[in-house]
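Peer 1: Supplied structure: structure.txt, compact mmCIF, C-alpha atoms.
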# COMPACT_ATOMS: atom_id res chain seq x y z
CA MET A 1 126.71 76.88 72.50
CA ILE A 2 124.61 75.52 69.69
CA PRO A 3 121.39 73.54 70.04
CA ALA A 4 121.15 69.97 68.73
CA PRO A 5 119.54 69.88 65.28
CA PHE A 6 115.77 70.16 65.04
CA ASP A 7 113.10 70.94 62.48
CA TYR A 8 111.59 74.41 62.77
CA HIS A 9 107.93 74.97 61.93
CA ARG A 10 106.40 78.42 61.84
CA ALA A 11 102.70 78.02 62.53
CA GLY A 12 100.48 80.55 60.81
CA THR A 13 97.38 79.67 62.82
CA LEU A 14 96.54 78.02 66.14
CA ASP A 15 94.94 75.09 64.31
CA GLU A 16 98.12 74.54 62.35
CA ALA A 17 100.15 74.60 65.57
CA ILE A 18 97.76 72.16 67.27
CA GLY A 19 98.00 69.90 64.20
CA LEU A 20 101.79 69.87 64.45
CA LEU A 21 101.61 69.09 68.19
CA SER A 22 99.18 66.22 67.48
CA ARG A 23 101.47 64.84 64.78
CA TYR A 24 104.77 65.00 66.66
CA GLY A 25 103.59 64.48 70.26
CA ALA A 26 106.36 64.55 72.86
CA ASP A 27 108.97 65.26 70.17
CA ALA A 28 107.45 68.70 69.58
CA LYS A 29 107.92 71.82 71.70
CA LEU A 30 106.23 75.20 71.41
CA LEU A 31 108.37 78.30 70.90
CA SER A 32 106.79 81.56 72.01
CA GLY A 33 109.29 84.13 73.38
CA GLY A 34 111.96 81.43 73.63
CA MET A 35 113.55 82.88 76.75
CA SER A 36 113.44 79.55 78.57
CA LEU A 37 113.43 77.25 75.55
CA LEU A 38 116.48 78.65 73.75
CA PRO A 39 118.77 78.37 76.82
CA THR A 40 117.40 74.84 77.40
CA LEU A 41 118.24 73.84 73.83
CA LYS A 42 121.62 75.58 73.85
CA LEU A 43 122.70 74.05 77.17
CA ARG A 44 121.31 70.75 75.83
CA LEU A 45 119.26 70.28 78.96
CA GLY A 46 116.53 69.28 76.57
CA SER A 47 116.21 68.50 72.90
CA PHE A 48 113.23 68.17 70.61
CA GLY A 49 112.90 67.00 67.01
CA HIS A 50 110.36 69.67 66.19
CA ILE A 51 110.11 73.26 67.36
CA VAL A 52 106.73 74.84 66.63
CA ASP A 53 106.99 78.64 66.56
CA ILE A 54 103.68 80.21 67.62
CA SER A 55 105.04 83.74 67.96
CA ARG A 56 103.82 84.79 64.50
CA ILE A 57 100.24 83.61 64.95
CA PRO A 58 98.09 86.74 64.72
CA GLY A 59 95.79 87.58 67.60
CA LEU A 60 97.74 86.17 70.56
CA GLU A 61 99.08 89.50 71.82
CA TYR A 62 96.51 91.63 73.62
CA VAL A 63 95.58 93.06 77.01
CA LYS A 64 91.82 93.74 77.27
CA GLU A 65 89.60 94.55 80.20
CA GLU A 66 86.13 93.14 79.64
CA LYS A 67 83.27 92.55 82.06
CA GLY A 68 85.42 92.58 85.16
CA VAL A 69 88.13 90.37 83.69
CA LEU A 70 91.56 91.28 82.39
CA ARG A 71 92.16 89.07 79.36
CA ILE A 72 95.80 88.66 78.45
CA GLY A 73 96.72 86.94 75.19
CA ALA A 74 99.30 84.23 75.88
CA GLY A 75 101.71 85.74 73.36
CA THR A 76 101.78 89.13 75.09
CA ARG A 77 105.35 90.18 75.79
CA GLN A 78 106.23 90.87 79.40
CA SER A 79 107.45 94.35 78.41
CA THR A 80 104.00 95.12 76.96
CA LEU A 81 102.34 94.21 80.27
CA GLU A 82 104.93 96.26 82.13
CA ARG A 83 103.87 99.37 80.20
CA SER A 84 100.12 98.68 80.28
CA ASP A 85 98.03 101.31 82.04
CA VAL A 86 95.34 98.88 83.20
CA VAL A 87 98.04 96.68 84.74
CA LYS A 88 99.60 99.66 86.51
CA GLY A 89 96.22 100.88 87.72
CA LYS A 90 94.41 97.71 88.74
CA PHE A 91 97.03 95.00 89.22
CA PRO A 92 99.74 96.36 91.51
CA ILE A 93 100.95 92.76 91.96
CA LEU A 94 101.93 92.65 88.29
CA ALA A 95 103.47 96.10 88.48
CA ASP A 96 105.55 94.76 91.41
CA ALA A 97 106.51 91.51 89.74
CA ILE A 98 107.13 92.11 86.06
CA PRO A 99 110.08 94.50 86.48
CA LEU A 100 111.66 91.75 88.60
CA ILE A 101 111.43 89.09 85.88
CA ALA A 102 114.86 88.45 84.31
CA ASP A 103 115.97 91.77 82.74
CA PRO A 104 114.47 94.32 80.33
CA LEU A 105 115.94 92.70 77.21
CA VAL A 106 114.56 89.30 78.15
CA ARG A 107 111.17 90.87 78.91
CA ASN A 108 111.13 92.31 75.38
CA ARG A 109 110.99 88.72 74.08
CA GLY A 110 109.54 86.64 76.91
CA THR A 111 105.77 86.20 76.89
CA PHE A 112 103.38 86.10 79.82
CA GLY A 113 101.83 82.90 78.45
CA GLY A 114 105.21 81.23 78.22
CA ASN A 115 105.97 82.21 81.80
CA ILE A 116 102.67 80.65 82.92
CA ALA A 117 102.69 77.51 80.74
CA ASN A 118 106.34 76.53 81.05
CA GLY A 119 105.72 74.86 84.40
CA ASP A 120 108.97 76.09 85.89
CA PRO A 121 108.38 76.75 89.62
CA ALA A 122 110.95 79.57 89.39
CA ASN A 123 108.74 81.55 87.01
CA ASP A 124 106.87 84.39 88.69
CA GLY A 125 103.64 84.32 86.68
CA PRO A 126 102.25 81.07 88.14
CA ALA A 127 102.09 82.15 91.81
CA ILE A 128 100.56 85.46 90.75
CA ALA A 129 97.93 83.68 88.67
CA ILE A 130 97.09 81.45 91.63
CA ALA A 131 96.89 84.33 94.13
CA LEU A 132 94.61 86.28 91.79
CA GLY A 133 92.36 83.28 91.11
CA ALA A 134 93.13 83.28 87.39
CA GLU A 135 91.55 81.06 84.77
CA LEU A 136 93.85 79.68 82.10
CA VAL A 137 92.33 79.05 78.68
CA ALA A 138 93.80 76.23 76.61
CA ARG A 139 92.96 75.30 73.04
CA GLY A 140 93.30 71.78 71.64
CA PRO A 141 91.88 69.71 68.78
CA LYS A 142 88.46 69.62 70.48
CA GLY A 143 88.26 73.33 71.18
CA GLU A 144 88.84 75.44 74.25
CA ARG A 145 88.69 74.68 77.95
CA SER A 146 89.37 76.73 81.02
CA ILE A 147 91.53 75.57 83.93
CA ALA A 148 91.76 77.25 87.34
CA ALA A 149 95.36 78.36 87.91
CA ASN A 150 95.52 76.58 91.28
CA ARG A 151 94.80 73.25 89.55
CA PHE A 152 97.11 73.78 86.60
CA TYR A 153 100.52 72.83 88.03
CA LYS A 154 101.07 69.10 88.52
CA ASP A 155 104.81 68.68 88.98
CA LEU A 156 108.14 70.11 87.90
CA TYR A 157 107.63 71.32 84.30
CA THR A 158 104.38 69.37 84.24
CA THR A 159 101.08 71.16 83.83
CA ASP A 160 97.52 70.17 83.12
CA LEU A 161 98.05 70.96 79.41
CA LYS A 162 97.82 67.91 77.14
CA ALA A 163 100.53 67.36 74.54
CA ASP A 164 98.32 68.86 71.82
CA GLU A 165 96.98 71.82 73.82
CA ILE A 166 98.18 75.41 73.74
CA LEU A 167 97.62 78.06 76.42
CA VAL A 168 95.92 80.91 74.56
CA GLU A 169 94.67 83.29 77.23
CA ILE A 170 95.12 84.19 80.89
CA ARG A 171 92.00 85.61 82.57
CA LEU A 172 92.57 87.66 85.70
CA PRO A 173 89.46 88.74 87.59
CA VAL A 174 89.64 92.49 88.19
CA PRO A 175 89.80 92.73 91.99
CA PRO A 176 86.71 94.21 93.69
CA ALA A 177 86.86 97.41 95.74
CA ARG A 178 88.86 97.18 98.99
CA SER A 179 91.31 94.75 97.42
CA GLY A 180 95.06 94.94 97.51
CA SER A 181 97.77 92.79 96.01
CA ALA A 182 101.54 92.61 96.21
CA TYR A 183 104.52 90.53 95.09
CA ARG A 184 107.68 90.31 97.14
CA LYS A 185 110.71 88.54 95.70
CA LEU A 186 114.19 87.90 96.99
CA LYS A 187 116.85 87.40 94.35
CA ARG A 188 120.61 87.68 94.36
CA LYS A 189 120.89 89.90 91.31
CA THR A 190 119.12 91.05 88.15
CA GLY A 191 118.48 88.08 85.91
CA ASP A 192 118.43 85.55 88.73
CA TYR A 193 115.45 83.47 89.70
CA ALA A 194 113.88 83.98 93.11
CA ALA A 195 115.47 82.47 96.21
CA ALA A 196 111.86 82.78 97.32
CA ALA A 197 108.92 84.99 96.36
CA VAL A 198 105.37 85.42 97.58
CA ALA A 199 102.25 86.60 95.73
CA VAL A 200 99.35 87.93 97.77
CA GLN A 201 95.92 89.30 97.07
CA LEU A 202 93.47 90.32 99.79
CA THR A 203 89.92 91.58 99.60
CA LEU A 204 88.55 93.22 102.74
CA ASN A 205 84.91 93.59 103.75
CA GLY A 206 83.19 96.72 105.05
CA SER A 207 84.50 96.23 108.59
CA GLY A 208 88.07 95.67 107.44
CA ALA A 209 88.17 91.90 107.89
CA VAL A 210 89.54 89.60 105.18
CA GLU A 211 86.87 88.38 102.79
CA ARG A 212 89.20 86.55 100.43
CA ALA A 213 92.92 85.85 100.65
CA GLY A 214 95.00 84.48 97.80
CA ILE A 215 98.56 83.54 98.72
CA ALA A 216 100.99 81.59 96.54
CA LEU A 217 104.72 80.90 96.64
CA THR A 218 107.37 80.96 93.90
CA ASN A 219 110.41 78.66 93.68
CA VAL A 220 110.10 76.97 97.05
CA GLY A 221 108.92 73.60 95.74
CA PRO A 222 108.58 71.56 92.55
CA THR A 223 105.50 73.61 91.59
CA PRO A 224 104.15 76.99 92.58
CA ILE A 225 102.44 76.45 95.94
CA GLU A 226 99.09 77.79 97.06
CA ALA A 227 99.38 78.54 100.78
CA VAL A 228 95.96 77.11 101.58
CA GLU A 229 96.27 77.03 105.38
CA ALA A 230 97.40 80.66 105.49
CA GLN A 231 94.47 81.65 103.25
CA LYS A 232 92.00 79.84 105.50
CA TYR A 233 93.52 81.32 108.62
CA LEU A 234 93.13 84.88 107.31
CA ALA A 235 89.50 84.53 106.22
CA GLY A 236 87.22 86.59 108.47
CA LYS A 237 90.07 88.04 110.53
CA THR A 238 91.24 91.64 110.74
CA PRO A 239 94.69 91.63 109.19
CA ASP A 240 96.60 93.27 112.05
CA GLU A 241 100.27 92.71 112.76
CA LYS A 242 99.74 89.57 114.84
CA THR A 243 97.40 87.96 112.32
CA ILE A 244 99.77 88.72 109.47
CA ALA A 245 102.69 87.22 111.39
CA GLU A 246 100.72 84.03 112.01
CA ALA A 247 99.59 83.77 108.36
CA ALA A 248 103.18 84.26 107.21
CA LYS A 249 104.26 81.39 109.48
CA LEU A 250 101.58 79.14 107.97
CA ALA A 251 102.67 80.13 104.44
CA ALA A 252 106.28 79.23 105.28
CA LYS A 253 105.07 75.83 106.49
CA ALA A 254 103.55 75.20 103.06
CA ALA A 255 106.91 75.73 101.37
CA SER A 256 108.99 72.70 100.48
CA PRO A 257 112.20 74.19 99.11
CA SER A 258 115.34 72.35 98.15
CA ALA A 259 118.81 73.66 98.89
CA ASP A 260 120.85 75.16 96.07
CA ARG A 261 123.21 78.08 95.48
CA ARG A 262 120.41 80.42 96.51
CA GLY A 263 120.32 79.04 100.01
CA SER A 264 119.51 76.19 102.37
CA THR A 265 116.01 74.84 102.86
CA GLU A 266 115.84 76.57 106.26
CA TYR A 267 116.88 79.90 104.79
CA LYS A 268 114.35 79.71 101.96
CA ARG A 269 111.54 78.76 104.32
CA GLU A 270 112.45 81.65 106.61
CA MET A 271 112.60 84.04 103.65
CA THR A 272 109.18 82.81 102.57
CA ARG A 273 107.86 83.80 105.99
CA VAL A 274 109.48 87.23 105.87
CA LEU A 275 108.39 87.95 102.28
CA CYS A 276 104.86 86.76 102.98
CA GLY A 277 104.60 89.13 105.94
CA ARG A 278 105.82 92.03 103.82
CA ALA A 279 103.51 91.17 100.91
CA LEU A 280 100.52 90.90 103.25
CA LYS A 281 101.34 94.23 104.86
CA ALA A 282 101.61 95.93 101.46
CA ALA A 283 98.39 94.29 100.25
CA VAL A 284 96.48 95.46 103.34
CA GLN A 285 97.72 99.00 102.81
CA ARG A 286 96.77 98.94 99.15
CA ALA A 287 93.33 97.61 100.05
CA GLY A 288 92.86 100.68 102.22
CA GLY A 289 93.17 98.81 105.52
CA HIS A 290 95.80 99.63 108.14
CA MET B 291 116.83 68.78 58.65
CA ALA B 292 115.57 71.24 56.11
CA LYS B 293 117.29 74.56 55.66
CA HIS B 294 115.30 77.76 55.65
CA LYS B 295 115.59 80.63 53.25
CA ILE B 296 115.24 83.85 55.21
CA SER B 297 115.19 87.56 54.36
CA VAL B 298 116.26 90.07 56.98
CA THR B 299 116.66 93.83 56.72
CA VAL B 300 119.98 94.45 58.43
CA ASN B 301 120.79 98.10 59.17
CA GLY B 302 118.43 99.09 56.38
CA THR B 303 119.79 96.69 53.76
CA ALA B 304 117.81 93.66 52.59
CA ARG B 305 119.87 90.49 53.11
CA GLU B 306 119.11 86.86 52.37
CA ALA B 307 120.53 83.66 53.75
CA GLU B 308 119.88 79.95 53.84
CA VAL B 309 120.10 78.82 57.45
CA GLU B 310 119.88 75.73 59.58
CA SER B 311 117.00 75.83 62.09
CA ARG B 312 119.41 75.91 65.00
CA LEU B 313 121.54 78.81 63.79
CA LEU B 314 121.43 81.65 66.32
CA LEU B 315 120.81 85.22 65.24
CA VAL B 316 124.16 86.36 66.65
CA HIS B 317 125.96 83.77 64.50
CA LEU B 318 124.00 84.81 61.41
CA LEU B 319 125.17 88.36 61.98
CA ARG B 320 128.78 87.58 62.83
CA GLU B 321 129.57 84.56 60.70
CA VAL B 322 127.26 84.79 57.71
CA PHE B 323 126.92 88.55 57.31
CA ARG B 324 130.38 89.24 58.82
CA LEU B 325 129.07 91.97 61.10
CA THR B 326 131.33 91.32 64.05
CA GLY B 327 130.42 94.45 66.03
CA THR B 328 127.85 92.37 67.90
CA HIS B 329 129.77 90.32 70.47
CA VAL B 330 129.24 86.96 72.10
CA GLY B 331 129.84 86.96 75.84
CA CYS B 332 128.15 84.64 78.28
CA ASP B 333 126.11 82.90 75.56
CA THR B 334 123.38 82.26 78.14
CA SER B 335 121.29 85.47 77.84
CA HIS B 336 122.76 87.12 80.93
CA CYS B 337 125.43 89.58 79.82
CA GLY B 338 123.80 91.49 76.95
CA VAL B 339 126.92 92.06 74.82
CA CYS B 340 125.01 90.46 71.93
CA THR B 341 122.18 93.02 72.13
CA VAL B 342 120.72 94.02 68.76
CA ARG B 343 117.39 95.57 67.90
CA LEU B 344 114.81 93.25 66.43
CA ASP B 345 111.97 95.22 64.88
CA GLY B 346 113.06 98.09 67.08
CA GLN B 347 113.20 96.21 70.40
CA PRO B 348 116.57 95.55 72.02
CA VAL B 349 116.99 91.78 72.46
CA LYS B 350 119.75 89.30 73.20
CA SER B 351 120.70 87.85 69.83
CA CYS B 352 122.33 84.77 71.39
CA THR B 353 118.86 83.71 72.49
CA VAL B 354 116.98 84.21 69.22
CA LEU B 355 117.10 81.81 66.27
CA ALA B 356 118.15 83.33 62.96
CA VAL B 357 115.01 81.86 61.39
CA GLN B 358 112.90 83.81 63.92
CA ALA B 359 114.25 87.04 62.41
CA ASP B 360 112.90 86.14 58.97
CA GLY B 361 110.99 89.12 57.58
CA CYS B 362 112.18 91.35 60.43
CA ARG B 363 114.34 94.41 60.77
CA VAL B 364 117.60 93.86 62.61
CA ASP B 365 119.74 96.80 63.69
CA THR B 366 123.27 96.31 64.96
CA VAL B 367 125.95 98.62 66.29
CA GLU B 368 127.32 98.98 62.76
CA GLY B 369 124.12 100.76 61.78
CA LEU B 370 124.34 103.49 64.40
CA GLU B 371 126.78 105.64 62.46
CA GLN B 372 125.00 107.45 59.63
CA GLY B 373 126.83 109.03 56.67
CA GLY B 374 130.16 109.03 58.45
CA LYS B 375 128.68 110.70 61.52
CA LEU B 376 128.58 108.90 64.86
CA HIS B 377 125.24 108.43 66.59
CA PRO B 378 124.81 110.91 69.47
CA MET B 379 125.04 107.96 71.87
CA GLN B 380 128.38 106.93 70.39
CA GLU B 381 129.61 110.51 70.71
CA ALA B 382 128.39 110.61 74.30
CA PHE B 383 130.22 107.35 75.13
CA THR B 384 133.41 108.88 73.72
CA GLU B 385 132.90 112.20 75.46
CA LYS B 386 132.08 110.72 78.88
CA HIS B 387 134.62 107.88 78.69
CA ALA B 388 131.83 105.31 79.02
CA LEU B 389 134.06 102.41 78.03
CA GLN B 390 137.26 100.88 79.22
CA CYS B 391 137.82 97.52 77.49
CA GLY B 392 134.91 98.13 75.13
CA PHE B 393 133.60 94.59 75.10
CA CYS B 394 130.13 95.46 76.40
CA THR B 395 129.94 98.69 74.38
CA PRO B 396 128.07 97.47 71.27
CA GLY B 397 125.29 96.00 73.42
CA MET B 398 125.22 99.02 75.74
CA LEU B 399 124.92 101.35 72.76
CA MET B 400 121.99 99.41 71.32
CA THR B 401 120.15 99.33 74.65
CA CYS B 402 120.87 102.98 75.50
CA SER B 403 120.00 104.38 72.07
CA SER B 404 116.74 102.44 72.19
CA LEU B 405 115.96 103.80 75.67
CA LEU B 406 116.18 107.40 74.48
CA GLU B 407 113.72 106.73 71.68
CA ARG B 408 111.18 105.57 74.27
CA ASN B 409 112.07 108.00 77.01
CA LYS B 410 113.73 111.25 75.94
CA ASN B 411 114.74 112.30 79.42
CA PRO B 412 115.25 109.24 81.63
CA SER B 413 116.15 109.59 85.29
CA GLU B 414 119.31 107.97 86.61
CA GLN B 415 117.16 105.21 88.08
CA GLU B 416 115.45 104.59 84.74
CA ILE B 417 118.81 104.43 82.96
CA ARG B 418 120.16 101.96 85.50
CA GLN B 419 117.07 99.81 85.14
CA ALA B 420 117.24 99.94 81.34
CA ILE B 421 120.85 98.69 81.31
CA SER B 422 120.29 96.08 84.02
CA GLY B 423 120.48 93.34 81.37
CA ASN B 424 123.84 94.59 80.05
CA LEU B 425 126.88 93.78 82.14
CA CYS B 426 130.05 95.88 82.13
CA ARG B 427 132.87 93.87 83.71
CA CYS B 428 135.07 96.96 83.97
CA THR B 429 132.15 98.17 86.13
CA GLY B 430 132.12 101.50 84.37
CA TYR B 431 128.45 102.02 84.99
CA LEU B 432 128.88 105.50 86.42
CA ASN B 433 130.25 106.87 83.16
CA ILE B 434 127.75 104.90 81.09
CA VAL B 435 124.92 106.55 83.03
CA LYS B 436 126.59 109.95 82.52
CA ALA B 437 126.91 109.28 78.81
CA VAL B 438 123.22 108.47 78.47
CA GLN B 439 122.33 111.68 80.33
CA TYR B 440 124.72 113.61 78.10
CA ALA B 441 123.24 112.07 74.94
CA ALA B 442 119.73 112.86 76.15
CA GLN B 443 120.78 116.49 76.58
CA LYS B 444 122.44 116.63 73.15
CA MET B 445 119.40 115.07 71.54
CA GLY B 446 117.24 117.75 73.06
CA GLY B 447 115.38 115.70 75.65
CA ALA B 448 116.67 117.26 78.84
Starting from the file, lay out its structure as structure tokens.
Peer 2:
Amino acid sequence: MIPAPFDYHRAGTLDEAIGLLSRYGADAKLLSGGMSLLPTLKLRLGSFGHIVDISRIPGLEYVKEEKGVLRIGAGTRQSTLERSDVVKGKFPILADAIPLIADPLVRNRGTFGGNIANGDPANDGPAIAIALGAELVARGPKGERSIAANRFYKDLYTTDLKADEILVEIRLPVPPARSGSAYRKLKRKTGDYAAAAVAVQLTLNGSGAVERAGIALTNVGPTPIEAVEAQKYLAGKTPDEKTIAEAAKLAAKAASPSADRRGSTEYKREMTRVLCGRALKAAVQRAGGH
Amino acid sequence: MAKHKISVTVNGTAREAEVESRLLLVHLLREVFRLTGTHVGCDTSHCGVCTVRLDGQPVKSCTVLAVQADGCRVDTVEGLEQGGKLHPMQEAFTEKHALQCGFCTPGMLMTCSSLLERNKNPSEQEIRQAISGNLCRCTGYLNIVKAVQYAAQKMGGA
């Protein structure tokens, strides 16, 4: 399969890339790792007159912990994150999730920023970013702005990014003490997208009750879904078995899946409930609760 | 649609080509450079038979544009043999009968040889994870895993 013809531009700087986006508007598409874009072009599910390659722009690949924030350059390959010590040590949710993204060869190319900015509800990064309370930094002609991850996703493949903006950094707050996070994903085989997946982060207070709960769902709706009711329900409660079961029910209610080869709507909603329960249990354990 | 002049170091040799933007790396290798050891299978970045190493990293060359490889090092299965001597991984595949039809073998070899550079003594689980993006439709995974373990031993890791 061969993509329809397009013009290829290799941007040397972010400003150059932003300039190209401003000039070509909706006819331009950014190429980072290309692991979603190339199949889209090859299957001719989409075509663009201009492909702007940002993968050679220096300074977009980094993982830095600074002042309680993990700053991830949007061009950071998923395999780099997978091998990062700070990720393994402080972000168990990423250590859970990244090995479940596509396969190792795809992760050698695919970038974390691409996973976040693509706007595909089947991508795993978005729900994780929402559960962790991430800030997404975009750069456009007027400079940089920061967008909360839970306000970033508007619709299927539609994000808050303007046509001439580029996601440059993902900022994940380093969880405080007595926090635990987990990602639980059901997929049919390596390389498949999730039938359903749930991202959870909990912070407990001194008496073991939930101080903050972040819960978000992957691939059970047109966008990643923040399970707001489940989060509210958990706040202030001791996360015992009964509370977790109730929160998982509320999270499943927030799902709005559509039926496909991965299962019926009922099945996916039920799997959301089961996965949410398991993710919550793991997060409580990791937070040092029971 | 402008063509692009690219330079790529393929198996240690500098090569040049003038390519259309949409040309895929696997087609550059097979059709322009006539290196047909790299196969095309699913063509949708699932099966991994097109695996080559791009600046050292194993990647699926059906899902990379040729123009993206400009200025990069590309290593294919043809480059594994050195001075008439098979790569230890190739020897191990022969020794442990790690292929039946052989279609997935070039990609498997590129992924497995790359694994041993990163991890000299991988566990069975690590080997299985590393090859999880390479499909063998003869389902000869057992012998492929044995071959990687054997190569690791021969190369002095285990």
Peer 1: Please, which residues in chain A fall within 6 Å of chain B when counting only C-alpha atoms, and what is the closest atom pair and distance in Å to one decimal for each, ordered by chain then residue number, as a Markdown table?
Peer 2:
| residue | atom | partner | partner_atom | distance |
| --- | --- | --- | --- | --- |
| A:Pro3 | CA | B:Arg312 | CA | 5.9 |
| A:Asp7 | CA | B:Met291 | CA | 5.8 |
| A:Tyr8 | CA | B:Ser311 | CA | 5.6 |
| A:Leu38 | CA | B:Thr353 | CA | 5.7 |
| A:Asp103 | CA | B:Gly423 | CA | 5.0 |
| A:Leu105 | CA | B:Val349 | CA | 5.0 |
Peer 1: I need every residue sitting at most 6 Å from the point (103.4, 82.4, 96.9) (coordinates as in the file, all atoms listed in the file considered), written as a PyMOL selection string.
Peer 2: chain A and resi 127+198-199+215-218
Peer 1: Keeping only C-alpha atoms, write the selected residues to a file as a short mmCIF file (atom, residue, chain, number, x, y, z; two decimals), in the coordinates of the input.
Peer 2:
data_model
loop_
_atom_site.label_atom_id
_atom_site.label_comp_id
_atom_site.auth_asym_id
_atom_site.auth_seq_id
_atom_site.Cartn_x
_atom_site.Cartn_y
_atom_site.Cartn_z
CA ALA A 127 102.09 82.15 91.81
CA VAL A 198 105.37 85.42 97.58
CA ALA A 199 102.25 86.60 95.73
CA ILE A 215 98.56 83.54 98.72
CA ALA A 216 100.99 81.59 96.54
CA LEU A 217 104.72 80.90 96.64
CA THR A 218 107.37 80.96 93.90
#
Peer 1: Identify, on the basis of all atoms listed in the file, every residue whose closest approach to stretch 241-257 of chain A does not exceed 8 Å; exclude the query and any residue fewer than 2 positions from it along the same chain; express the result as a PyMOL selection string.
Peer 2: chain A and resi 215+217+219-222+225-231+233-234+237-239+259+265+268-270+272-274+276-277+280-281
Peer 1: Between atom CA of B:Lys436 and atom CA of A:Ala97, what is the distance in Å, rounded to a tenth?
Peer 2: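 Separation between atom CA of B:Lys436 and atom CA of A:Ala97: 28.2 Å.
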Peer 1: To one decimal in Å, tell me the separation between atom CA of B:Leu370 and atom CA of B:Pro412.
Peer 2: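 So the answer is 20.3 Å.
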Peer 1: What's around B:Leu325 at 10 Å? Count only C-alpha atoms, leave out sequence neighbours fewer than 6 positions away in its own chain, and write the answer as a compact mmCIF listing (two decimals) with C-alpha atoms, in the coordinates of the input.
Peer 2:
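Now in around08.txt:
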# COMPACT_ATOMS: atom_id res chain seq x y z
CA VAL B 300 119.98 94.45 58.43
CA VAL B 316 124.16 86.36 66.65
CA HIS B 317 125.96 83.77 64.50
CA LEU B 318 124.00 84.81 61.41
CA LEU B 319 125.17 88.36 61.98
CA THR B 366 123.27 96.31 64.96
CA VAL B 367 125.95 98.62 66.29
CA GLU B 368 127.32 98.98 62.76
Peer 1: Fewer than 5 positions away in the same chain doesn't count, so skip those; otherwise give me all residues within 12 Å of B:Asn409, counting only C-alpha atoms, as a list in words.
Peer 2: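 These residues fall inside the cut-off: Cys402, Ser403, Ser404, Glu416, Ile417, Ala420, Val438, Gln439, Ala442, Met445, Gly446, Gly447 and Ala448 of chain B.
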Peer 1: Using C-alpha atoms, can you export the residues from the last selection as a compact mmCIF listing (two decimals), in the coordinates of the input?
Peer 2:
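Saved result, part.txt, follows:
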# COMPACT_ATOMS: atom_id res chain seq x y z
CA CYS B 402 120.87 102.98 75.50
CA SER B 403 120.00 104.38 72.07
CA SER B 404 116.74 102.44 72.19
CA GLU B 416 115.45 104.59 84.74
CA ILE B 417 118.81 104.43 82.96
CA ALA B 420 117.24 99.94 81.34
CA VAL B 438 123.22 108.47 78.47
CA GLN B 439 122.33 111.68 80.33
CA ALA B 442 119.73 112.86 76.15
CA MET B 445 119.40 115.07 71.54
CA GLY B 446 117.24 117.75 73.06
CA GLY B 447 115.38 115.70 75.65
CA ALA B 448 116.67 117.26 78.84
Peer 1: Counting all atoms listed in the file, figure out which residue out of A:Asp124, A:Leu167, A:Gly140, A:Ala95 gets nearest to A:Thr76.
Peer 2: A:Leu167
Peer 1: Might you pull out every residue within 8 Å of A:Asn150, with all atoms listed in the file counted and same-chain residues fewer than 2 positions away left off, and present them as a ChimeraX atom specification?
Peer 2: /A:129-130,133,148,152-153,226
Peer 1: Report as number ranges by chain all protein, DNA and RNA residues lying within 12 Å of A:Thr80, evaluated on all atoms listed in the file, omitting residues in the same chain fewer than 4 positions from it.
Peer 2: A: 61-63, 72-76, 84-88, 94-95, 98-99, 104, 107-112; B: 347
Peer 1: Taking only C-alpha atoms into account, which of B:Gly369, B:Ile296, B:Lys444, B:Glu321 comes nearest B:Val309?
Peer 2: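 Checking each candidate against B:Val309, we get B:Ile296 as the closest.
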Peer 1: Taking all atoms listed in the file into account, which of B:Pro396, B:Asn301, B:Asp360, B:Ala441 comes nearest B:Glu381?
Peer 2: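 With all atoms listed in the file as the atom set, the closest residue is B:Ala441.
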Peer 1: Could you please determine the separation between atom CA of B:Lys295 and atom CA of B:Glu308 in Å, to one decimal place?
Peer 2: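 Separation between atom CA of B:Lys295 and atom CA of B:Glu308: 4.4 Å.
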Peer 1: From the options B:Ala437, B:Val298, B:Val364, B:Ala307, which residue's atoms come nearest to B:Ala382, counting only C-alpha atoms?
Peer 2: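 Among B:Ala437, B:Val298, B:Val364, B:Ala307, it is B:Ala437 that comes nearest to B:Ala382.
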Peer 1: Nearest to B:Asp345: which of B:Gly327, B:Gly373, B:Gly302, B:Pro378 is it, counting only C-alpha atoms?
Peer 2: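 Result for the nearest residue to B:Asp345: B:Gly302.
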Peer 1: N, CA and C atoms for stretch 20-25 of chain A, written as a tab-separated table (two decimals), keeping the file's coordinate frame, could you do that?
Peer 2:
chain	number	residue	atom	x	y	z
A	20	LEU	N	100.38	70.29	64.36
A	20	LEU	CA	101.79	69.87	64.45
A	20	LEU	C	102.06	69.18	65.78
A	21	LEU	N	101.44	69.71	66.87
A	21	LEU	CA	101.61	69.09	68.19
A	21	LEU	C	101.00	67.68	68.19
A	22	SER	N	99.83	67.53	67.54
A	22	SER	CA	99.18	66.22	67.48
A	22	SER	C	100.06	65.24	66.71
A	23	ARG	N	100.68	65.74	65.63
A	23	ARG	CA	101.47	64.84	64.78
A	23	ARG	C	102.75	64.40	65.48
A	24	TYR	N	103.43	65.33	66.15
A	24	TYR	CA	104.77	65.00	66.66
A	24	TYR	C	104.80	64.66	68.15
A	25	GLY	N	103.69	64.88	68.85
A	25	GLY	CA	103.59	64.48	70.26
A	25	GLY	C	104.73	65.02	71.12
